[in-house]
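Everything below belongs to final_14.cif, which stores mmCIF, C-alpha atoms.
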```cif
data_my_file
loop_
_atom_site.label_atom_id
_atom_site.label_comp_id
_atom_site.auth_asym_id
_atom_site.auth_seq_id
_atom_site.Cartn_x
_atom_site.Cartn_y
_atom_site.Cartn_z
CA MET A 724 -11.42 16.50 -16.71
CA SER A 725 -12.43 13.62 -18.92
CA ASP A 726 -10.06 14.64 -21.68
CA CYS A 727 -7.32 14.79 -19.12
CA MET A 728 -8.03 11.20 -18.24
CA SER A 729 -8.16 10.01 -21.81
CA SER A 730 -4.91 11.74 -22.72
CA ARG A 731 -3.33 10.02 -19.78
CA ARG A 732 -4.59 6.67 -20.99
CA ASP A 733 -3.25 7.34 -24.47
CA LEU A 734 0.05 8.23 -23.00
CA LEU A 735 0.06 5.00 -21.06
CA LYS A 736 -0.65 3.01 -24.18
CA ALA A 737 2.01 4.83 -26.12
CA ALA A 738 4.60 4.42 -23.44
CA GLY A 739 4.09 0.74 -22.91
CA ALA A 740 3.91 -0.91 -19.58
CA ALA A 741 7.41 -1.42 -18.39
CA THR A 742 9.31 1.77 -18.92
CA LEU A 743 6.97 4.60 -18.03
CA LEU A 744 3.97 4.90 -15.82
CA ALA A 745 2.23 8.17 -16.29
CA PRO A 746 1.51 9.60 -12.89
CA GLY A 747 -0.69 12.26 -14.37
CA VAL A 748 -3.91 12.60 -12.49
CA PHE A 749 -3.97 12.56 -8.77
CA LEU A 750 -6.29 13.28 -5.92
CA LEU A 751 -6.82 16.98 -6.54
CA ALA A 752 -7.64 16.38 -10.16
CA ALA A 753 -9.70 13.31 -9.43
CA PRO A 754 -13.00 13.45 -11.26
CA THR A 755 -15.11 12.70 -8.22
CA PRO A 756 -15.22 15.62 -5.86
CA SER A 757 -17.61 13.57 -3.75
CA LYS A 758 -14.53 12.09 -2.14
CA ALA A 759 -13.41 15.49 -0.89
CA ARG A 760 -14.98 14.90 2.48
CA PRO A 761 -16.92 17.81 3.91
CA GLU A 762 -15.57 19.40 7.06
CA ASP A 763 -16.62 17.82 10.33
CA THR A 764 -17.46 14.40 8.90
CA ALA A 765 -15.72 11.10 9.58
CA THR A 766 -13.71 8.95 7.20
CA ASP A 767 -15.19 5.60 6.30
CA SER A 768 -14.17 2.36 4.70
CA SER A 769 -15.52 3.25 1.27
CA VAL A 770 -12.06 4.72 0.75
CA ARG A 771 -8.69 3.00 0.85
CA TRP A 772 -5.90 5.49 0.44
CA GLY A 773 -2.90 4.20 -1.41
CA LEU A 774 0.36 5.25 -2.95
CA LEU A 775 2.09 3.97 -6.04
CA VAL A 776 5.79 4.52 -6.56
CA ASP A 777 7.20 4.10 -10.05
CA THR A 778 10.77 3.07 -9.27
CA ASN A 779 11.70 3.45 -12.93
CA ARG A 780 11.13 7.14 -12.52
CA CYS A 781 12.56 7.61 -9.06
CA ASP A 782 15.91 9.35 -9.33
CA GLN A 783 18.70 7.86 -7.25
CA GLU A 784 20.07 11.28 -6.34
CA CYS A 785 16.73 12.90 -5.59
CA THR A 786 15.54 13.34 -2.01
CA ALA A 787 12.74 15.82 -2.66
CA CYS A 788 10.18 13.61 -0.92
CA VAL A 789 12.32 13.24 2.18
CA THR A 790 12.97 16.96 2.43
CA ALA A 791 9.34 17.84 1.87
CA CYS A 792 8.27 15.40 4.57
CA LYS A 793 10.65 16.89 7.11
CA GLU A 794 9.38 20.35 6.30
CA GLU A 795 5.71 19.43 6.37
CA MET A 796 5.96 17.54 9.64
CA GLY A 797 8.47 19.80 11.36
CA LEU A 798 10.99 17.01 11.84
CA THR A 799 14.18 18.41 13.21
CA GLY A 800 17.12 16.13 13.80
CA HIS A 801 20.03 16.16 16.15
CA GLY A 802 22.53 15.09 13.53
CA ARG A 803 22.16 11.47 14.65
CA PRO A 804 20.92 9.51 11.65
CA ALA A 805 20.49 6.31 13.66
CA THR A 806 17.88 7.78 15.98
CA ASP A 807 16.58 10.97 14.35
CA ALA A 808 12.96 10.71 13.29
CA GLN A 809 12.36 9.83 9.67
CA TYR A 810 8.93 9.20 8.23
CA ILE A 811 10.26 8.51 4.74
CA ARG A 812 13.69 7.45 3.55
CA LYS A 813 15.36 6.56 0.30
CA VAL A 814 16.42 2.93 0.10
CA GLU A 815 18.87 1.59 -2.42
CA ILE A 816 18.34 -1.96 -3.61
CA ALA A 817 20.71 -3.97 -5.75
CA GLU A 818 20.63 -7.32 -7.51
CA PRO A 819 24.13 -8.68 -6.78
CA LYS A 820 24.16 -11.03 -9.77
CA THR A 821 23.44 -8.36 -12.36
CA GLY A 822 24.36 -5.11 -10.68
CA PHE A 823 20.86 -3.77 -11.34
CA THR A 824 20.03 -1.07 -8.81
CA ARG A 825 16.96 0.83 -7.86
CA SER A 826 16.36 3.64 -5.43
CA LEU A 827 12.96 3.97 -3.85
CA PRO A 828 11.24 5.89 -1.10
CA VAL A 829 10.04 3.74 1.79
CA MET A 830 7.61 5.02 4.35
CA CYS A 831 4.86 3.48 6.48
CA GLN A 832 3.26 1.06 4.06
CA HIS A 833 -0.21 1.54 5.56
CA CYS A 834 -0.88 -2.18 5.70
CA SER A 835 -4.38 -3.51 5.84
CA SER A 836 -3.13 -6.11 8.35
CA PRO A 837 -0.61 -4.00 10.20
CA PRO A 838 1.74 -5.91 12.56
CA CYS A 839 2.27 -2.73 14.58
CA VAL A 840 -1.42 -2.69 15.48
CA ASP A 841 -1.32 -6.37 16.44
CA VAL A 842 1.42 -5.88 19.00
CA CYS A 843 0.40 -2.54 20.48
CA PRO A 844 -0.53 -3.07 24.14
CA THR A 845 -2.52 0.16 24.53
CA GLY A 846 -4.39 0.53 21.28
CA ALA A 847 -2.30 3.54 20.32
CA SER A 848 -1.39 1.96 16.98
CA PHE A 849 -4.51 1.73 14.94
CA LYS A 850 -5.81 1.74 11.42
CA ARG A 851 -8.29 4.34 10.32
CA ALA A 852 -11.33 3.19 8.39
CA ASP A 853 -9.80 4.62 5.21
CA GLY A 854 -6.66 2.49 5.62
CA ILE A 855 -4.29 5.06 7.10
CA VAL A 856 -2.23 3.52 9.92
CA LEU A 857 -1.49 5.95 12.73
CA VAL A 858 -0.09 6.23 16.23
CA ASP A 859 -2.48 7.91 18.63
CA ARG A 860 0.25 9.65 20.55
CA HIS A 861 -2.18 10.50 23.32
CA VAL A 862 -2.31 6.80 24.11
CA CYS A 863 1.23 5.74 23.17
CA ILE A 864 3.38 4.74 26.14
CA GLY A 865 6.58 4.52 24.13
CA CYS A 866 7.16 0.78 24.52
CA ARG A 867 8.33 0.49 20.92
CA TYR A 868 6.94 -3.00 20.30
CA CYS A 869 5.53 -1.62 17.07
CA MET A 870 8.96 -0.53 15.91
CA MET A 871 10.19 -4.06 16.34
CA ALA A 872 7.14 -5.57 14.68
CA CYS A 873 7.22 -3.36 11.61
CA PRO A 874 8.87 -5.22 8.72
CA TYR A 875 9.45 -1.94 6.92
CA LYS A 876 11.38 -0.15 9.67
CA ALA A 877 8.94 2.68 9.19
CA ARG A 878 8.58 4.01 12.70
CA SER A 879 10.68 6.38 14.77
CA PHE A 880 10.89 7.15 18.45
CA VAL A 881 11.27 10.64 19.84
CA HIS A 882 14.19 10.45 22.24
CA GLU A 883 14.47 14.07 23.20
CA THR A 884 12.39 16.95 24.45
CA THR A 885 11.03 18.63 21.39
CA THR A 886 10.23 22.30 20.87
CA ASP A 887 8.90 24.37 17.98
CA GLN A 888 6.64 21.65 16.64
CA LEU A 889 4.33 22.53 13.80
CA PRO A 890 0.61 22.73 14.60
CA ASN A 891 -0.18 20.03 12.05
CA ASN A 892 2.19 17.49 13.60
CA PRO A 893 2.26 17.54 17.38
CA ARG A 894 5.16 15.37 18.53
CA GLY A 895 7.06 14.90 21.74
CA LYS A 896 9.50 12.87 23.75
CA GLY A 897 8.57 9.32 24.61
CA CYS A 898 6.25 8.55 21.73
CA VAL A 899 6.53 6.52 18.58
CA GLU A 900 5.63 8.24 15.35
CA ALA A 901 5.61 7.54 11.63
CA CYS A 902 4.30 8.64 8.28
CA THR A 903 0.63 9.60 8.63
CA LEU A 904 0.13 9.59 4.87
CA CYS A 905 -0.32 13.28 5.63
CA ALA A 906 -3.74 12.57 7.13
CA HIS A 907 -4.12 16.25 7.93
CA ARG A 908 -3.73 17.12 4.25
CA VAL A 909 -5.66 14.17 2.88
CA ASP A 910 -8.61 15.02 5.14
CA ALA A 911 -8.54 18.45 3.53
CA GLY A 912 -8.38 17.02 0.00
CA ILE A 913 -4.69 17.71 -0.59
CA VAL A 914 -2.16 15.06 -1.64
CA PRO A 915 0.65 14.12 0.77
CA ALA A 916 3.65 16.45 0.87
CA CYS A 917 6.04 13.83 -0.55
CA VAL A 918 3.81 13.28 -3.57
CA GLU A 919 3.50 16.99 -4.18
CA ALA A 920 7.27 17.45 -3.97
CA CYS A 921 7.90 14.45 -6.21
CA HIS A 922 5.84 16.13 -8.89
CA SER A 923 7.08 19.68 -8.44
CA LYS A 924 10.76 18.97 -7.73
CA GLY A 925 11.36 15.34 -8.67
CA ARG A 926 10.39 13.23 -11.64
CA GLY A 927 6.80 12.60 -10.68
CA ALA A 928 7.29 9.02 -9.58
CA MET A 929 4.55 8.99 -6.95
CA LEU A 930 0.85 8.64 -7.41
CA PHE A 931 -1.67 9.05 -4.63
CA GLY A 932 -5.33 8.13 -4.61
CA ASP A 933 -8.15 5.93 -3.48
CA LEU A 934 -7.55 2.30 -4.40
CA LEU A 935 -11.28 1.59 -4.23
CA ASN A 936 -12.27 4.37 -6.58
CA PRO A 937 -12.23 3.22 -10.21
CA GLU A 938 -12.02 6.84 -11.34
CA HIS A 939 -8.75 7.45 -9.59
CA ALA A 940 -5.61 7.15 -11.70
CA ILE A 941 -3.90 4.94 -9.15
CA THR A 942 -6.66 2.35 -9.35
CA GLN A 943 -6.50 2.26 -13.12
CA VAL A 944 -2.74 2.04 -13.19
CA VAL A 945 -2.56 -0.82 -10.68
CA ALA A 946 -5.23 -2.64 -12.65
CA GLN A 947 -3.27 -2.38 -15.89
CA HIS A 948 0.33 -2.69 -14.84
CA PRO A 949 2.38 -5.04 -12.74
CA THR A 950 2.96 -3.52 -9.32
CA SER A 951 4.15 -5.14 -6.15
CA GLN A 952 4.02 -4.75 -2.42
CA ILE A 953 7.25 -5.00 -0.43
CA ARG A 954 7.45 -8.27 1.46
CA ALA A 955 4.12 -9.36 0.10
CA ASP A 956 4.90 -12.79 1.56
CA LEU A 957 4.14 -11.41 5.02
CA LYS A 958 0.55 -10.79 3.92
CA THR A 959 0.44 -7.37 5.51
CA ASP A 960 -1.23 -6.07 2.35
CA PRO A 961 0.35 -2.61 2.15
CA GLY A 962 -1.50 0.31 0.64
CA VAL A 963 1.83 1.47 -0.79
CA ARG A 964 2.72 -0.30 -4.01
CA TYR A 965 5.81 -0.20 -6.18
CA HIS A 966 6.30 -0.57 -9.90
CA GLY A 967 9.56 -1.70 -11.44
CA ILE A 968 11.08 -3.77 -8.64
CA MET T 370 -6.61 34.62 74.89
CA ARG T 371 -3.17 35.51 73.59
CA ILE T 372 -3.30 32.62 71.24
CA LEU T 373 -6.64 33.74 69.91
CA ALA T 374 -5.33 37.26 69.31
CA ALA T 375 -2.36 35.92 67.43
CA LEU T 376 -4.66 33.79 65.38
CA LEU T 377 -6.90 36.71 64.58
CA ILE T 378 -3.94 38.81 63.55
CA ALA T 379 -2.59 36.05 61.40
CA LEU T 380 -5.97 35.57 59.80
CA SER T 381 -6.50 39.24 59.06
CA LEU T 382 -3.00 39.50 57.69
CA GLY T 383 -3.71 36.51 55.52
CA GLY T 384 -6.95 38.09 54.46
CA LEU T 385 -5.12 41.23 53.47
CA ALA T 386 -2.45 39.38 51.58
CA LEU T 387 -4.72 37.01 49.69
CA PRO T 388 -6.21 39.31 47.05
CA VAL T 389 -2.74 40.54 46.15
CA LEU T 390 -1.19 37.11 45.91
CA ALA T 391 -3.94 35.17 44.25
CA GLY T 392 -6.93 37.02 43.00
CA PRO T 393 -9.07 35.23 40.46
CA PRO T 394 -7.04 35.08 37.27
CA ASP T 395 -7.53 37.78 34.70
CA VAL T 396 -8.40 35.66 31.67
CA PRO T 397 -7.35 37.29 28.39
CA LYS T 398 -10.24 37.94 26.03
CA GLY T 399 -10.53 35.69 23.00
CA ALA T 400 -10.72 36.98 19.44
CA GLY T 401 -13.92 36.83 17.46
CA GLU T 402 -17.57 37.10 18.44
CA LYS T 403 -18.00 34.20 20.76
CA CYS T 404 -16.56 30.93 21.88
CA LEU T 405 -17.86 27.48 21.06
CA ALA T 406 -20.22 27.88 24.00
CA ASP T 407 -20.87 30.52 26.63
CA ALA T 408 -17.96 31.36 28.89
CA ALA T 409 -19.31 29.49 31.91
CA THR T 410 -19.72 26.28 29.92
CA MET T 411 -16.28 26.70 28.41
CA ARG T 412 -14.66 27.17 31.81
CA ARG T 413 -16.33 24.09 33.14
CA ASN T 414 -16.23 21.77 30.15
CA HIS T 415 -13.34 22.72 27.87
CA MET T 416 -11.33 19.68 28.96
CA SER T 417 -13.96 17.16 27.95
CA MET T 418 -14.67 19.03 24.73
CA LEU T 419 -10.99 18.84 23.89
CA MET T 420 -10.77 15.14 24.69
CA HIS T 421 -13.82 14.38 22.60
CA ARG T 422 -12.43 16.38 19.74
CA ARG T 423 -9.06 14.74 20.06
CA ASP T 424 -10.46 11.26 19.65
CA ALA T 425 -12.73 12.23 16.78
CA THR T 426 -9.86 13.85 14.90
CA MET T 427 -7.33 11.12 15.58
CA HIS T 428 -9.54 8.14 14.88
CA GLN T 429 -12.18 9.33 12.45
CA GLY T 430 -10.35 12.16 10.77
CA VAL T 431 -13.09 14.60 11.76
CA ARG T 432 -11.61 18.00 11.22
CA ALA T 433 -13.26 21.36 11.45
CA SER T 434 -11.68 24.73 11.42
CA THR T 435 -13.75 25.95 14.36
CA ASN T 436 -13.07 23.58 17.23
CA GLY T 437 -10.06 21.55 18.17
CA LEU T 438 -6.91 22.71 19.83
CA LYS T 439 -5.55 24.51 16.80
CA ALA T 440 -8.68 26.66 16.63
CA CYS T 441 -8.61 27.46 20.36
CA LEU T 442 -5.10 28.75 20.03
CA ASP T 443 -5.91 30.83 16.96
CA CYS T 444 -8.66 32.75 18.76
CA HIS T 445 -7.03 32.72 22.14
CA ALA T 446 -3.54 33.79 21.11
CA VAL T 447 -2.15 36.35 23.56
CA ASN T 448 0.28 38.82 22.10
CA ASP T 449 3.43 39.98 23.80
CA GLY T 450 4.75 43.54 23.69
CA ALA T 451 6.07 43.08 20.17
CA GLY T 452 2.73 41.86 18.82
CA GLN T 453 3.88 38.25 18.54
CA PRO T 454 1.79 35.47 20.09
CA VAL T 455 3.32 34.13 23.30
CA GLY T 456 4.10 30.44 23.76
CA ILE T 457 3.29 28.21 26.71
CA ASP T 458 6.57 29.26 28.36
CA SER T 459 4.95 32.61 29.13
CA ASP T 460 2.62 32.84 32.14
CA LYS T 461 0.41 35.10 30.03
CA HIS T 462 -0.51 32.21 27.71
CA PHE T 463 -4.28 31.71 27.64
CA CYS T 464 -4.06 28.10 28.75
CA ARG T 465 -1.82 28.98 31.66
CA VAL T 466 -3.56 31.83 33.43
CA CYS T 467 -6.22 29.63 35.03
CA HIS T 468 -4.18 26.46 35.17
CA ASP T 469 -1.38 28.15 37.10
CA TYR T 470 -3.98 29.57 39.48
CA ALA T 471 -5.78 26.24 39.93
CA ALA T 472 -2.56 24.21 39.96
CA VAL T 473 -3.63 22.21 36.92
CA LYS T 474 -0.83 20.79 34.83
CA VAL T 475 -1.50 19.62 31.29
CA ASP T 476 1.08 17.95 29.06
CA CYS T 477 -0.55 18.96 25.79
CA PHE T 478 2.14 21.42 24.85
CA GLU T 479 4.96 18.95 25.08
CA CYS T 480 3.73 17.93 21.65
CA HIS T 481 1.25 20.52 20.47
CA ALA T 482 2.40 23.88 19.21
CA SER T 483 1.24 26.43 21.77
CA LYS T 484 0.80 29.28 19.34
CA PRO T 485 -0.58 29.67 15.83
CA ALA T 486 1.79 28.76 13.01
CA ALA T 487 3.87 31.59 11.64
CA LYS T 488 1.69 32.94 8.88
CA LYS T 489 4.16 32.74 6.02
CA ALA T 490 4.92 29.07 6.50
CA ALA T 491 1.44 27.75 7.01
CA GLU T 492 -0.99 29.73 4.87
CA ALA T 493 0.54 29.80 1.44
CA PRO T 494 1.33 26.35 0.01
CA ALA T 495 -0.65 23.61 -1.66
CA GLU T 496 -3.85 25.43 -2.53
CA ALA T 497 -2.34 28.61 -3.91
CA GLU T 498 -0.45 26.70 -6.54
CA PRO T 499 -2.41 23.83 -8.04
CA MET T 500 -0.15 21.04 -9.13
CA ALA T 501 0.25 20.66 -12.84
CA PRO T 502 0.37 17.09 -14.02
CA PRO T 503 3.93 16.25 -14.95
CA GLU T 504 2.97 15.69 -18.58
CA ALA T 505 2.24 19.40 -18.78
CA ALA T 506 5.78 20.19 -17.75
CA GLN T 507 7.10 17.74 -20.28
CA GLU T 508 4.94 19.05 -23.08
CA SER T 509 5.91 22.66 -22.47
CA GLY T 510 9.50 21.51 -22.53
CA ALA T 511 10.33 24.08 -19.90
CA ALA T 512 11.79 21.73 -17.38
CA THR T 513 12.26 18.48 -19.21
CA PRO T 514 13.07 15.93 -16.57
CA PRO T 515 15.91 13.65 -17.53
CA LYS T 516 14.77 10.23 -18.63
CA PRO T 517 14.97 7.70 -15.88
CA GLU T 518 17.52 5.02 -16.28
CA GLY T 519 15.08 2.23 -16.76
CA PRO T 520 15.93 -1.19 -18.07
CA LYS T 521 17.30 -0.69 -21.57
#
```

Represent the supplied structure as structure tokens.
Amino acid sequence: MSDCMSSRRDLLKAAGAATLLAPGVFLLAAPTPSKARPEDTATDSSVRWGLLVDTNRCDQECTACVTACKEEMGLTGHGRPATDAQYIRKVEIAEPKTGFTRSLPVMCQHCSSPPCVDVCPTGASFKRADGIVLVDRHVCIGCRYCMMACPYKARSFVHETTTDQLPNNPRGKGCVEACTLCAHRVDAGIVPACVEACHSKGRGAMLFGDLLNPEHAITQVVAQHPTSQIRADLKTDPGVRYHGI
Amino acid sequence: MRILAALLIALSLGGLALPVLAGPPDVPKGAGEKCLADAATMRRNHMSMLMHRRDATMHQGVRASTNGLKACLDCHAVNDGAGQPVGIDSDKHFCRVCHDYAAVKVDCFECHASKPAAKKAAEAPAEAEPMAPPEAAQESGAATPPKPEGPK
């Protein structure tokens, strides 16, 4: 394990900061198995789950993360892109003066001060102790205030009666839903589906881990390299960070 | 007198018809040794157990393979003629036999899957195939990912 870490560091040094972030070691390979929470115990605030996206690596054409998310969460559409549920989407950004473009995945940013939670009238939108922002769909009344409050356009509303849901993502008409950072996987010590797909099918542009754990690659990378939060000016303090934009 | 006779007849007829129409439901047997508690406790308290579990899982991320709705449905799957578990649309579904009888309506299955996940899709991934760090792929040269078009 330790040699894995050191080789990653060497690679980082060799590559230099701007062009290549090595997304080598992630949750599963994290050197502290103590964070793999035993079954039947609660999460706590000693953990802050985060994601880092290296936009220099993210391929414009690639939608592996989006596809993997749909598969994992059983998201079926009705061929209506404007209203079909999407937990993660690829966003193209461009600098008009220079023509510089970047493509990046945007999902729920798992803010530490989430506007969706502020506006929720029922307490359905909430933040877990470990930083994951969720909709408790048992409590959601479908008012969609949160969708309007979210600066990242991260949430979707289920407009139609839904059948054939997957056991790990119960979802139904009349509720708001969004990326759960794959809470069901993370609780079991597995990285989110998008991150897994990005490494197996894409270019490995996503890194998942605990931002409070100095042993985790993500923590080391964000400490050594410039990364940013989208709309940091809003002070929502997202747990999802981007490099290269 | 005549009224009483009619009443008696009606009552006895009703008495005859009742067991046929609505006997106590025949609850399908669960798989495995035993339930989370004895059957009487389960009958009486499963709703509050489920609600408690629901909140613990949603809000604290408490997950265990043995309780929770997913687990109930794994043990209490009822198979149809073809050996496939039935969904909530069938009146043989475990959660429907009593509820239909007692006129209880739950909305759980508008969202929750009412039968265990198809084995192929759910069991295999993630753990079977540990993820190799991307450097490994690059070093082996097998699937060299094209270099990103970073700032030149």

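Nearest to chain T of all the residues A:Gly962, A:Gly925, A:Pro874, A:Pro844 is A:Gly925, counting only C-alpha atoms.
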
From the list A:Gly797, A:Thr806, A:Pro819, A:Asp859, which residue is nearest Ala425 in chain T when using all atoms listed in the file?
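So, comparing all the options, the nearest one is A:Asp859.
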
Applied to this file, what does the PyMOL selection byres ((chain T and resi 416) around 12) return in terms of residues, put as a PyMOL selection string?
chain T and resi 410-415+417-423+437-438+441+464+468+473+475+477

Restrict the selected residues to C-alpha atoms and save them as a compact mmCIF listing (two decimals), in the frame of the given file.
```txt
# COMPACT_ATOMS: atom_id res chain seq x y z
CA THR T 410 -19.72 26.28 29.92
CA MET T 411 -16.28 26.70 28.41
CA ARG T 412 -14.66 27.17 31.81
CA ARG T 413 -16.33 24.09 33.14
CA ASN T 414 -16.23 21.77 30.15
CA HIS T 415 -13.34 22.72 27.87
CA SER T 417 -13.96 17.16 27.95
CA MET T 418 -14.67 19.03 24.73
CA LEU T 419 -10.99 18.84 23.89
CA MET T 420 -10.77 15.14 24.69
CA HIS T 421 -13.82 14.38 22.60
CA ARG T 422 -12.43 16.38 19.74
CA ARG T 423 -9.06 14.74 20.06
CA GLY T 437 -10.06 21.55 18.17
CA LEU T 438 -6.91 22.71 19.83
CA CYS T 441 -8.61 27.46 20.36
CA CYS T 464 -4.06 28.10 28.75
CA HIS T 468 -4.18 26.46 35.17
CA VAL T 473 -3.63 22.21 36.92
CA VAL T 475 -1.50 19.62 31.29
CA CYS T 477 -0.55 18.96 25.79
```

If I take CA of Pro393 in chain T and CA of Ala471 in chain T, how far is one from the other in Å, to one decimal?
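Distance between the two atoms: 9.6 Å.
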
Apply the PyMOL selection byres ((chain A) within 6 of (chain T)) to the file shown and report the selected residues as an MDAnalysis selection string.
chainID A and resid 747 762:766 779:780 888:890 893:895

If we count all atoms listed in the file and set the cut-off at 8 Å, which residues sit around Cys467 in chain T, ignoring sequence neighbours fewer than 4 positions away in its own chain? Please answer as a list in words.
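In the requested form, the answer reads Pro394, Val396, Phe463 and Ala471 of chain T.
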
Here's the selection I'm unsure about, the PyMOL selection byres ((chain A and resi 864) around 10); applied to the file above, which residues does it give, as a ChimeraX atom specification?
/A:843-845,847,860-863,865-867,897-899

Leaving out Gly399 in chain T and any residue of its chain fewer than 3 positions from it, which residues lie within 8 Å of it when counting all atoms listed in the file, given as a count of residues only?
5

Skip His907 in chain A itself and residues of its chain fewer than 3 positions away, then list as a list in words all residues within 7 Å of it, counting all atoms listed in the file.
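In the requested form, the answer reads Asn891, Asp910 and Ala911 of chain A.
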
Would you write out those residues with C-alpha atoms, as a PDB file, in the frame of the given file?
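Wrote it out as again-v7.pdb, contents follow:
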```
ATOM      1  CA  ASN A 891      -0.180  20.030  12.050  1.00  0.00           C
ATOM      2  CA  ASP A 910      -8.610  15.020   5.140  1.00  0.00           C
ATOM      3  CA  ALA A 911      -8.540  18.450   3.530  1.00  0.00           C
TER       4      ALA A 911
END
```

Quick one: residues within 12 Å of Ala955 in chain A, only C-alpha atoms counted, chain neighbours fewer than 6 positions away excluded, as a ChimeraX atom specification?
/A:832,834-836,874-875,961-965

Give me, as a list of chain:residue names, all polymer residues having an atom no more than 9 Å from Ala877 in chain A, counting only C-alpha atoms and skipping those fewer than 5 positions away in the same chain.
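Returned residues: A:Gln809, A:Tyr810, A:Ile811, A:Arg812, A:Val829, A:Met830, A:Cys831, A:Gln832, A:Met870, A:Glu900, A:Ala901, A:Cys902.
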
Mind giving me the straight-line distance from CA of Ala787 in chain A to CA of Ala920 in chain A in Å, one decimal?
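Straight-line distance from CA of Ala787 in chain A to CA of Ala920 in chain A works out to 5.9 Å.
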
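The space between CA of Val776 in chain A and CA of Pro761 in chain A spans 28.3 Å.
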
So, counting all atoms listed in the file, which residue among A:Phe823, A:His939, A:Gln952, A:Thr886 is closest to Asp458 in chain T?
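Closest residue, counting all atoms listed in the file: A:Thr886.
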